[in-house]
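> The structure follows.
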Amino acid sequence: MINIPDFSNIKVRDYLPKKRNLSNGIPTYTFYSDDNEAVYLKFVFYNAGTLLQDKFFVASLTKTQLNKNTKDYTYKQLADEMDFYGLNFVPTTGNERTSLSFSFLSRYKENVFPLLQQMILYPRFEQDTLDIQISNAKQNYQTKLQQTNFLAHRYFMQGVFGKNNPYGKYAEVEDYDKVRKEDLQEFWQKHYTLNQCYIMLAGNVEESIFELLENYFGKIETSSPVKEWDIDFKPENSKGLIRNNLNSAMQSSIVMGRLLPKIDSEDYVALLVLNCALGGYFNSRLMSNIREDKGYTYGIDSALLPFKYGNIMLIVSDIAMDKEKESIEEIRKEMFILQNENISEKELSIVKNYMTGDMLRSNDGVVEICENYEYILRNKLREDYNSYLIERIRNISSEEIKNVAQKYLNPDDFLCSVVGK
């Protein structure tokens, strides 16, 4: 018999950063720890996502060119300096923002900050370097276009938002050939300004780090802070089945989902618990049924994906090609059960324990705490959100789970995208 630990008295702290602005107004949020020498530094440009680009691939390609050539460094010189001082750079572009994450040892801070300044403030976009990047990216994109799971997600987003909506627009390989260095230069000049970013810091962030930030970034004159973009992209919210063929497919992929209220909805926490029970962890109902019992798949998951104007609940799986229909029927069956039967106290306790443990893991280390707070900041949540969330999870009832299932888990309200042979 499995011994289930009692997490009912576990508390999650609301770690709050030290907040201060650089002299030109850039907000910084710092989580200090002297456990090691590492410093984690992230610039978040909140108006530099793919939704703001005028051509496909411009936003994602811009970030990849920042560490190639700069005003004072060639590509090789910059790469050698970054390697010598152990500066790690991870750029990430999503629909709504771009993050530039750096990590380095505190003892090299004097050497690292000139490199950071060059990459963020003085990049030099060269066509030959861009052409190499585009060639590699085209090969990767062509590979993705032969993957059923990528295509199923693509057709799903087009079905929910419409092909002309920025959330539903998708590029073809040929669109890479339309991108020129001038497009990247223009995007960088418009969206990578210091008055539309904030800075996250974690680790061994001594006062000298803040002084370097001030010297290299805080003394740059900026205009008034720019607000986050605010364009209401209304979805089509389609329902039913979209079926597309891929002749080379070795499996079928299912993406099934629907739009849900925003993260600040009073139903959101109950939806999180409902989603976890349905397909959010290894012992979920979908995994137990479709993987363990039926053997139709190696894995099936569900998740809530927050974005600016709502949430999308997604159920995703790669399925044996001859089991598409049966898999969809089993997904619908599990939804109906959650709508019509109370989840048992034992199962609900396991789900709550899993979610509590997952929250504890998300705060296990100063970088994780920093990322967790950035999530709160990005979604404009209350600063005590962690303790609020765990308290809500702890006290949620099976009746409340059934109520939100009846409200949001009607299978006929979901759009199902399938790609296979």
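Starting from 1 in every chain, residues are counted up; chains themselves are A, B, ... following the order of the structure tokens, and ligands are numbered from 1 as listed.
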Which residues are close to Ser417 in chain A, i.e. within 8 Å by only C-alpha atoms, leaving aside same-chain residues fewer than 4 positions away? Reply as a ChimeraX atom specification.
/A:152-153,155-156,241-244,254-256
> Would you list the contacts of Ile343 in chain A as a list in words, taking every protein, DNA or RNA residue within 8 Å and counting only C-alpha atoms, but skipping same-chain residues closer than 6 positions in sequence?
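Listed by chain and then number, they are Ser398, Ile401 and Lys402 of chain A.
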> Counting only C-alpha atoms, which residues of range 195-284 of chain A sit at most 10 Å from some atom of range 298-313 of chain A, and what is each one's closest atom pair with its distance in Å to one decimal, listed by chain and rising residue number, as JSON lines?

{"residue": "A:Trp229", "atom": "CA", "partner": "A:Lys308", "partner_atom": "CA", "distance": 9.9}
{"residue": "A:Asp230", "atom": "CA", "partner": "A:Lys308", "partner_atom": "CA", "distance": 8.9}
{"residue": "A:Ile231", "atom": "CA", "partner": "A:Tyr309", "partner_atom": "CA", "distance": 9.5}
{"residue": "A:Asp232", "atom": "CA", "partner": "A:Tyr309", "partner_atom": "CA", "distance": 7.4}
{"residue": "A:Phe233", "atom": "CA", "partner": "A:Tyr309", "partner_atom": "CA", "distance": 8.1}
{"residue": "A:Lys234", "atom": "CA", "partner": "A:Tyr309", "partner_atom": "CA", "distance": 8.9}
{"residue": "A:Pro235", "atom": "CA", "partner": "A:Tyr309", "partner_atom": "CA", "distance": 9.9}
{"residue": "A:Ile254", "atom": "CA", "partner": "A:Ile300", "partner_atom": "CA", "distance": 9.4}
{"residue": "A:Val255", "atom": "CA", "partner": "A:Ser302", "partner_atom": "CA", "distance": 9.6}
{"residue": "A:Met256", "atom": "CA", "partner": "A:Met313", "partner_atom": "CA", "distance": 8.1}
{"residue": "A:Gly257", "atom": "CA", "partner": "A:Met313", "partner_atom": "CA", "distance": 5.1}
{"residue": "A:Arg258", "atom": "CA", "partner": "A:Met313", "partner_atom": "CA", "distance": 5.6}
{"residue": "A:Leu259", "atom": "CA", "partner": "A:Ile312", "partner_atom": "CA", "distance": 4.6}
{"residue": "A:Leu260", "atom": "CA", "partner": "A:Asn311", "partner_atom": "CA", "distance": 4.9}
{"residue": "A:Pro261", "atom": "CA", "partner": "A:Gly310", "partner_atom": "CA", "distance": 5.0}
{"residue": "A:Lys262", "atom": "CA", "partner": "A:Gly310", "partner_atom": "CA", "distance": 3.8}
{"residue": "A:Ile263", "atom": "CA", "partner": "A:Pro306", "partner_atom": "CA", "distance": 6.6}
{"residue": "A:Asp264", "atom": "CA", "partner": "A:Gly310", "partner_atom": "CA", "distance": 9.1}
{"residue": "A:Ser265", "atom": "CA", "partner": "A:Gly310", "partner_atom": "CA", "distance": 9.3}
{"residue": "A:Tyr268", "atom": "CA", "partner": "A:Asn311", "partner_atom": "CA", "distance": 9.3}
{"residue": "A:Leu271", "atom": "CA", "partner": "A:Leu304", "partner_atom": "CA", "distance": 8.4}
{"residue": "A:Leu272", "atom": "CA", "partner": "A:Leu304", "partner_atom": "CA", "distance": 7.2}
{"residue": "A:Asn275", "atom": "CA", "partner": "A:Ala303", "partner_atom": "CA", "distance": 6.5}
{"residue": "A:Cys276", "atom": "CA", "partner": "A:Ser302", "partner_atom": "CA", "distance": 7.6}
{"residue": "A:Ala277", "atom": "CA", "partner": "A:Ser302", "partner_atom": "CA", "distance": 9.4}
{"residue": "A:Leu278", "atom": "CA", "partner": "A:Ser302", "partner_atom": "CA", "distance": 7.1}
{"residue": "A:Gly279", "atom": "CA", "partner": "A:Ser302", "partner_atom": "CA", "distance": 4.6}
{"residue": "A:Gly280", "atom": "CA", "partner": "A:Ser302", "partner_atom": "CA", "distance": 5.3}
{"residue": "A:Tyr281", "atom": "CA", "partner": "A:Asp301", "partner_atom": "CA", "distance": 7.4}
{"residue": "A:Phe282", "atom": "CA", "partner": "A:Asp301", "partner_atom": "CA", "distance": 8.4}
{"residue": "A:Ser284", "atom": "CA", "partner": "A:Asp301", "partner_atom": "CA", "distance": 8.5}
> Take the residues that were just selected and, keeping C-alpha atoms, output them as a compact mmCIF listing (two decimals), in the first residue's frame.

# COMPACT_ATOMS: atom_id res chain seq x y z
CA TRP A 229 0.72 46.42 -25.91
CA ASP A 230 -3.04 46.27 -25.62
CA ILE A 231 -4.63 44.86 -28.76
CA ASP A 232 -7.70 42.71 -28.19
CA PHE A 233 -7.37 39.77 -30.58
CA LYS A 234 -10.82 38.25 -30.50
CA PRO A 235 -10.83 34.49 -31.06
CA ILE A 254 -4.19 14.98 -31.09
CA VAL A 255 -4.47 18.52 -29.77
CA MET A 256 -7.78 19.16 -28.07
CA GLY A 257 -8.68 22.30 -26.19
CA ARG A 258 -10.75 25.39 -25.59
CA LEU A 259 -10.51 28.94 -24.33
CA LEU A 260 -10.98 29.60 -20.62
CA PRO A 261 -11.19 32.76 -18.50
CA LYS A 262 -8.10 34.78 -17.59
CA ILE A 263 -5.80 33.85 -14.75
CA ASP A 264 -7.48 36.35 -12.41
CA SER A 265 -10.84 34.57 -12.72
CA TYR A 268 -8.92 29.65 -12.12
CA LEU A 271 -9.58 24.81 -13.03
CA LEU A 272 -5.94 24.15 -12.12
CA ASN A 275 -6.78 20.02 -15.04
CA CYS A 276 -4.30 18.21 -12.79
CA ALA A 277 -6.82 15.45 -12.07
CA LEU A 278 -7.71 15.12 -15.75
CA GLY A 279 -4.24 15.06 -17.31
CA GLY A 280 -1.79 17.20 -15.38
CA TYR A 281 0.41 14.55 -13.77
CA PHE A 282 1.56 10.98 -14.34
CA SER A 284 -3.96 11.48 -13.98
> So which residues of range 257-363 of chain A fall under alpha helix (DSSP H) by DSSP, listed as an MDAnalysis selection string?
chainID A and resid 268:275 285:286 324:340 345:361
> Could you give me, as CSV, every range 273-387 of chain A residue with an atom at most 10 Å from range 203-221 of chain A, plus its closest atom pair and distance in Å to one decimal, counting only C-alpha atoms, rows ordered by chain then number?

residue,atom,partner,partner_atom,distance
A:Gly365,CA,A:Gly203,CA,9.1
A:Val366,CA,A:Gly203,CA,6.2
A:Val367,CA,A:Gly203,CA,6.9
A:Cys370,CA,A:Gly203,CA,9.2
> Based on DSSP run over this structure's backbone, return all residues of range 166-226 of chain A in strand (DSSP E), as a PyMOL selection string.
chain A and resi 197-203
> I'd like the contact shell of Arg332 in chain A - 10 Å cut-off, only C-alpha atoms, skipping same-chain residues fewer than 4 positions apart - returned as a list of chain:residue names.
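That gives A:Glu326, A:Ser327, A:Ile328, A:Phe336, A:Ile337, A:Leu409, A:Asn410, A:Pro411, A:Asp412, A:Phe414.
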> For CA of Pro27 in chain A and CA of Glu368 in chain A, determine how far apart the two atoms are, in Å to one decimal place.
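Computing the Euclidean distance for CA of Pro27 in chain A and CA of Glu368 in chain A yields 19.6 Å.
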> Quick one: residues within 9 Å of Phe89 in chain A, only C-alpha atoms counted, chain neighbours fewer than 6 positions away excluded, as an NGL selection string?
:A and (67 or 82 or 100-103)
> Show me, as a list in words, the residues that have an atom within 8 Å of range 181-189 of chain A when counting only C-alpha atoms, minus same-chain residues fewer than 3 positions from it.
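Surrounding residues, per the criterion: Gln53, Val58, Ala59, Leu61, Thr62, Phe125, Glu126, Gln127, Leu130, Tyr192 and Thr193 of chain A.
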> Just give me the gap between CA of Pro17 in chain A and CA of Tyr29 in chain A in Å, one decimal is fine.
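Interatomic distance, CA of Pro17 in chain A to CA of Tyr29 in chain A: 5.4 Å.
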